[in-house]
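Raw final_0.pdb, PDB, C-alpha atoms:
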ATOM      1  CA  MET A   1     -33.242 -92.245 -32.048
ATOM      2  CA  GLY A   2     -32.432 -94.727 -29.253
ATOM      3  CA  LYS A   3     -33.056 -94.707 -25.549
ATOM      4  CA  PHE A   4     -31.681 -91.906 -23.416
ATOM      5  CA  THR A   5     -28.560 -92.956 -21.528
ATOM      6  CA  PRO A   6     -26.595 -91.097 -18.823
ATOM      7  CA  GLU A   7     -23.838 -90.520 -21.390
ATOM      8  CA  MET A   8     -26.287 -88.464 -23.423
ATOM      9  CA  LYS A   9     -26.593 -85.645 -20.891
ATOM     10  CA  ILE A  10     -27.660 -82.341 -22.372
ATOM     11  CA  ILE A  11     -26.376 -78.876 -21.541
ATOM     12  CA  GLN A  12     -29.550 -77.111 -20.395
ATOM     13  CA  SER A  13     -28.246 -73.555 -20.205
ATOM     14  CA  SER A  14     -29.724 -71.340 -22.886
ATOM     15  CA  GLY A  15     -26.515 -69.304 -22.728
ATOM     16  CA  ALA A  16     -24.283 -72.253 -23.603
ATOM     17  CA  GLY A  17     -24.720 -71.797 -27.349
ATOM     18  CA  MET A  18     -24.070 -68.061 -27.172
ATOM     19  CA  GLU A  19     -20.998 -68.688 -25.029
ATOM     20  CA  LEU A  20     -19.656 -71.069 -27.674
ATOM     21  CA  LYS A  21     -20.434 -68.649 -30.495
ATOM     22  CA  LEU A  22     -18.702 -65.743 -28.766
ATOM     23  CA  ALA A  23     -15.652 -67.905 -28.052
ATOM     24  CA  ARG A  24     -15.544 -69.009 -31.708
ATOM     25  CA  ILE A  25     -15.765 -65.427 -32.944
ATOM     26  CA  ARG A  26     -13.085 -64.234 -30.487
ATOM     27  CA  LYS A  27     -10.780 -66.958 -31.803
ATOM     28  CA  GLY A  28     -11.486 -65.894 -35.395
ATOM     29  CA  PHE A  29     -12.816 -69.314 -36.436
ATOM     30  CA  HIS A  30     -15.465 -69.782 -39.082
ATOM     31  CA  LEU A  31     -18.463 -71.877 -38.134
ATOM     32  CA  TYR A  32     -17.595 -74.564 -40.692
ATOM     33  CA  GLU A  33     -14.030 -74.896 -39.329
ATOM     34  CA  VAL A  34     -15.175 -75.624 -35.784
ATOM     35  CA  ALA A  35     -17.983 -77.906 -36.972
ATOM     36  CA  ARG A  36     -15.515 -79.955 -39.007
ATOM     37  CA  GLN A  37     -13.110 -80.264 -36.059
ATOM     38  CA  VAL A  38     -15.800 -81.757 -33.823
ATOM     39  CA  GLY A  39     -17.442 -83.882 -36.519
ATOM     40  CA  ILE A  40     -20.814 -82.159 -36.947
ATOM     41  CA  SER A  41     -22.370 -80.136 -39.756
ATOM     42  CA  PRO A  42     -22.124 -76.355 -39.794
ATOM     43  CA  ALA A  43     -25.936 -76.254 -39.744
ATOM     44  CA  ARG A  44     -26.034 -78.274 -36.518
ATOM     45  CA  LEU A  45     -23.417 -76.035 -34.865
ATOM     46  CA  SER A  46     -25.437 -73.004 -35.922
ATOM     47  CA  GLN A  47     -28.511 -74.519 -34.248
ATOM     48  CA  TYR A  48     -26.554 -75.007 -31.016
ATOM     49  CA  GLU A  49     -25.105 -71.497 -31.111
ATOM     50  CA  GLY A  50     -28.500 -69.972 -31.790
ATOM     51  CA  GLY A  51     -30.139 -71.832 -28.911
ATOM     52  CA  HIS A  52     -32.428 -73.807 -31.225
ATOM     53  CA  ARG A  53     -30.991 -77.122 -30.011
ATOM     54  CA  ARG A  54     -29.482 -78.143 -26.712
ATOM     55  CA  VAL A  55     -25.834 -79.166 -26.822
ATOM     56  CA  PRO A  56     -24.999 -82.721 -25.692
ATOM     57  CA  THR A  57     -22.569 -82.542 -22.766
ATOM     58  CA  ASP A  58     -19.788 -84.493 -24.457
ATOM     59  CA  LEU A  59     -19.984 -82.272 -27.540
ATOM     60  CA  TYR A  60     -20.094 -79.137 -25.397
ATOM     61  CA  HIS A  61     -16.824 -80.122 -23.726
ATOM     62  CA  LYS A  62     -15.277 -81.027 -27.078
ATOM     63  CA  LEU A  63     -16.270 -77.633 -28.491
ATOM     64  CA  ARG A  64     -14.831 -75.837 -25.470
ATOM     65  CA  GLU A  65     -11.580 -77.753 -25.933
ATOM     66  CA  VAL A  66     -11.398 -76.801 -29.621
ATOM     67  CA  LEU A  67     -12.095 -73.177 -28.695
ATOM     68  CA  GLY A  68      -9.419 -73.152 -26.000
ATOM     69  CA  GLN A  69     -11.733 -72.726 -23.032
ATOM     70  CA  THR A  70     -11.008 -74.596 -19.833
ATOM     71  CA  GLN A  71     -13.685 -73.194 -17.518
ATOM     72  CA  ARG A  72     -16.740 -71.049 -18.112
ATOM     73  CA  GLY A  73     -15.557 -67.533 -18.828
ATOM     74  CA  ARG A  74     -11.916 -68.303 -18.080
ATOM     75  CA  LYS A  75      -9.057 -68.194 -20.531
ATOM     76  CA  SER A  76      -6.875 -71.204 -21.214
ATOM     77  CA  ASP A  77      -3.198 -71.129 -20.215
ATOM     78  CA  ASP A  78      -2.256 -70.469 -23.858
ATOM     79  CA  GLU A  79      -4.488 -67.374 -23.993
ATOM     80  CA  LYS A  80      -3.114 -66.032 -20.697
ATOM     81  CA  GLN A  81       0.445 -66.145 -22.049
ATOM     82  CA  SER A  82      -0.391 -64.095 -25.161
TER
END
What's the structure tokens form of this structure?
Amino acid sequence: MGKFTPEMKIIQSSGAGMELKLARIRKGFHLYEVARQVGISPARLSQYEGGHRRVPTDLYHKLREVLGQTQRGRKSDDEKQS
């Protein structure tokens, strides 16, 4: 692994993985579906959701986008309309 760069920021919150998992389950997505959409293995996503690995910031935001979350704990505009 290379040097740490500012672009490689890590989400430190231990609740970040659980937040992502709950959002995925609420949406009815399987782990492998979300993993494929963001370009990681299902095993890696499981590690993030379980708190065994910290989620890189860019991936965290990509996952939130896939799961339709715009802000922590807030629904996206699409969810509000349903």
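One distance worth recording is that between CA of Gln37 in chain A and CA of Gly15 in chain A, which is 21.9 Å.
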Exercise for review: Would you write out, as a PyMOL selection string, every residue that the PyMOL selection byres ((chain A and resi 47-49) around 8) captures in this file?
Suggested key: chain A and resi 16-21+43-46+50-55
Review point. Once you count all atoms listed in the file, which residues end up no further than 12 Å from (-14.4, -80.9, -30.1) in the file's frame, shown as a PyMOL selection string?
Key: chain A and resi 20+33-40+45+56-69
